[in-house]
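J.: Here it is, the structure, as structure tokens.
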Amino acid sequence: MDVVSEPFATGAAVRPRPDAHRVCAEIDLAALRANVRALRERAAGTGAGLMAVVKADAYGHGMVPCARAARQAGAAWLGTATPEEALALRAAGDRGRLLCWLWTPGGPWREAIEADVDVSASDPWALREITAAARARGRTARVHLKIDTGLGRSGCPPAGWEALTAAARAAEAEGTVKVAGVWSHFACADEPGHPSIAAQLAVFHEALAAAARAGLDPEVRHIANSPATLTLPEAHFDLVRTGVSVYGLSPSPEVGVPADFGLRPVMSLRARLALVKRVPAGHGVSYGHHYTTPGETTLGLVPAGYADGIPRHASGSGPVLVAGKWRTVAGRVAMDQFVVDLGGDAAAEGDEAVLFGPGDAGEPTAEDWARAVGTIGYEIVTRIGARVPRVHLNAEA
């Protein structure tokens, strides 16, 4: 049965799919499973395991159903940014290996350690809080030490790496910590041939050697994100972290289109026309009248707007399939709605408007929206708002 799922639903918020929606995001879990299998096969060629990253509500696709589907397809690891996400997965019943990496002082370390969540440390302050929480729980915390190889976000600077690895080894000797991983993240893997890629790999290799000199023997070494998984087998090490590719999107046009890697977009965003009406030539449309009708025409009202995650800067450029043709958002996107000019074509209230999907029926894709508004596909799917129901199709493997 197809179901509509709220973010982080554990069962109570799941209900049978209604017959019609103002707007909905259809999530094809069969496509997600196929994507995970394709990515696993690519990683297996270099002996690496696969982590499916389900942060940010699985990039807007619904975290718990997508996490379950990824596990069904053989994802050995899941990855989240925040501890709240990781603990929600545990509350939903997930018991596999799970890494959470975005921590701030005073975070719920104890709860994460109790729930068998692997945690990340980029600085001695984090290691101190982890060891304190592990002592309080009487458990050994699994820690992944992160080295900043050149991205310049989280991660220990190379100058501080020796001190961090030494402190981690001391915590291992005490029994409060097990260094389960050493990891980093690429800055420009979505730009094949960028000189920073080789430079970061060199720093990572040196960090691994330094960790070994400190007496650490991590279970997994990982630096590859989606683009590196697809194009840099030398960066796979023991584990690859696949995010946007799990959802069937390409990391960038330079890397290739999804079909190049056997991937299929998972989300389709659909709405139903709320109103269809004839208007005369010169009729202003939406706020500011940035669009006026060039002649007598038919307007269709799509009941979705920037409160649903439709970019306001898609005004005048966002593509929509209505009545068998691509239309463009006419005038400004408002909070709850926007308009398309149907010209002389016939349409009726309740007819479907497809904002994006896999492209099988000629509809735009999330990548088409990204090009139209000057952003990336990641943002298009992730920004779809909480009031848009997620209809999860093919939930059973």
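Labels used: A, B, ... for chains in the order of the structure tokens, numbers from 1 for residues in each chain, and numbers from 1 for ligands as shown.
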Neighbours of Arg221 in chain A within 10 Å (only C-alpha atoms; same-chain residues fewer than 5 positions away dropped), as a PyMOL selection string?

T.: chain A and resi 48+144-145+180-184+204-205+208+235-240

J.: Excluding Ile380 in chain A and residues on its chain fewer than 3 positions from it, collect all residues at most 10 Å away from it, counting only C-alpha atoms, and give them as a PyMOL selection string.

T.: chain A and resi 59-60+309-311+356+365-370+373+375-377+383-384

J.: Next, the residues of the selection above should be written as a CSV table (one decimal), in the first residue's frame with C-alpha atoms.

T.:
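The new file out-v6.csv reads:
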chain,number,residue,atom,x,y,z
A,59,TYR,CA,17.3,15.3,1.3
A,60,GLY,CA,13.6,16.1,1.6
A,309,GLY,CA,9.5,25.1,-1.1
A,310,ILE,CA,8.9,26.4,-4.6
A,311,PRO,CA,11.7,28.9,-5.1
A,356,PHE,CA,9.4,17.7,-11.7
A,365,THR,CA,13.4,17.2,-13.7
A,366,ALA,CA,14.8,18.6,-10.5
A,367,GLU,CA,17.9,19.4,-12.6
A,368,ASP,CA,15.8,21.4,-15.0
A,369,TRP,CA,14.5,23.4,-12.1
A,370,ALA,CA,18.0,23.9,-10.8
A,373,VAL,CA,16.9,29.2,-11.0
A,375,THR,CA,21.1,26.5,-8.1
A,376,ILE,CA,21.8,22.8,-7.6
A,377,GLY,CA,19.4,19.8,-7.6
A,383,ARG,CA,13.7,22.7,0.3
A,384,ILE,CA,10.3,21.0,-0.4

J.: Name the residues in contact with Trp125 in chain A at a cut-off of 12 Å, using only C-alpha atoms, excluding same-chain residues fewer than 2 positions from it; report them as a VMD selection string.

T.: chain A and resid 103 to 107 120 to 123 127 to 132 156 163 to 164 167 to 168

J.: Choose the residue, out of A:Trp109, A:Tyr247, A:Trp101, A:Trp161, that has the smallest atom-to-atom separation from Cys66 in chain A; count only C-alpha atoms.

T.: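 The closest residue to Cys66 in chain A is A:Tyr247.
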
J.: Mind checking which residues fall within 10 Å of Leu263 in chain A, counting only C-alpha atoms, ignoring those fewer than 4 positions away in the same chain, and posting them as a list in words?

T.: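 The contact residues come out as Ala31, Leu32, Ala34, Asn35, Val36, Arg37, Ala38, Leu39, Ser245, Val246, Tyr247, Gly248, Leu249, Ser250, Val257, Pro258 and Ala259 of chain A.
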
J.: I need the residues from that last selection saved to file as a PDB file, in the first residue's frame (with C-alpha atoms), if you can.

T.:
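After the write, selection_8.pdb holds the following:
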ATOM      1  CA  ALA A  31      14.056   3.627  -7.474  1.00  0.00           C
ATOM      2  CA  LEU A  32      15.902   4.431  -4.261  1.00  0.00           C
ATOM      3  CA  ALA A  34      17.884   0.374  -7.230  1.00  0.00           C
ATOM      4  CA  ASN A  35      20.130   3.434  -6.792  1.00  0.00           C
ATOM      5  CA  VAL A  36      21.627   2.011  -3.606  1.00  0.00           C
ATOM      6  CA  ARG A  37      22.291  -1.312  -5.321  1.00  0.00           C
ATOM      7  CA  ALA A  38      23.982   0.447  -8.262  1.00  0.00           C
ATOM      8  CA  LEU A  39      26.149   2.486  -5.897  1.00  0.00           C
ATOM      9  CA  SER A 245      23.177  10.023  -5.648  1.00  0.00           C
ATOM     10  CA  VAL A 246      21.011   7.765  -3.443  1.00  0.00           C
ATOM     11  CA  TYR A 247      18.085   9.956  -4.488  1.00  0.00           C
ATOM     12  CA  GLY A 248      18.922   9.643  -8.180  1.00  0.00           C
ATOM     13  CA  LEU A 249      20.397  13.092  -8.728  1.00  0.00           C
ATOM     14  CA  SER A 250      23.773  13.923 -10.218  1.00  0.00           C
ATOM     15  CA  VAL A 257      23.662  12.847 -15.726  1.00  0.00           C
ATOM     16  CA  PRO A 258      22.011  10.264 -13.452  1.00  0.00           C
ATOM     17  CA  ALA A 259      21.472   7.777 -16.274  1.00  0.00           C
TER      18      ALA A 259
END

J.: Excluding Ala30 in chain A and its own-chain neighbours fewer than 5 positions away, which residues fall within 8 Å of it when counting only C-alpha atoms? Please give them as a VMD selection string.

T.: chain A and resid 69 393 to 395 397

J.: Save out the residues we just selected, N, CA, C and O atoms, as a short mmCIF file (atom, residue, chain, number, x, y, z; two decimals), in the first residue's frame.

T.:
data_model
loop_
_atom_site.label_atom_id
_atom_site.label_comp_id
_atom_site.auth_asym_id
_atom_site.auth_seq_id
_atom_site.Cartn_x
_atom_site.Cartn_y
_atom_site.Cartn_z
N ALA A 69 14.38 1.74 3.22
CA ALA A 69 14.60 1.26 1.85
C ALA A 69 16.09 1.08 1.57
O ALA A 69 16.49 0.11 0.92
N LEU A 393 5.90 5.41 -2.45
CA LEU A 393 5.47 4.32 -3.32
C LEU A 393 6.43 3.14 -3.19
O LEU A 393 7.62 3.33 -2.94
N ASN A 394 5.90 1.94 -3.41
CA ASN A 394 6.74 0.72 -3.45
C ASN A 394 7.51 0.54 -2.16
O ASN A 394 8.72 0.29 -2.16
N ALA A 395 6.81 0.69 -1.04
CA ALA A 395 7.48 0.59 0.25
C ALA A 395 8.00 -0.82 0.53
O ALA A 395 8.98 -0.98 1.26
N ALA A 397 9.96 -4.14 -0.32
CA ALA A 397 11.05 -4.53 -1.21
C ALA A 397 10.64 -5.71 -2.09
O ALA A 397 9.83 -6.53 -1.70
#
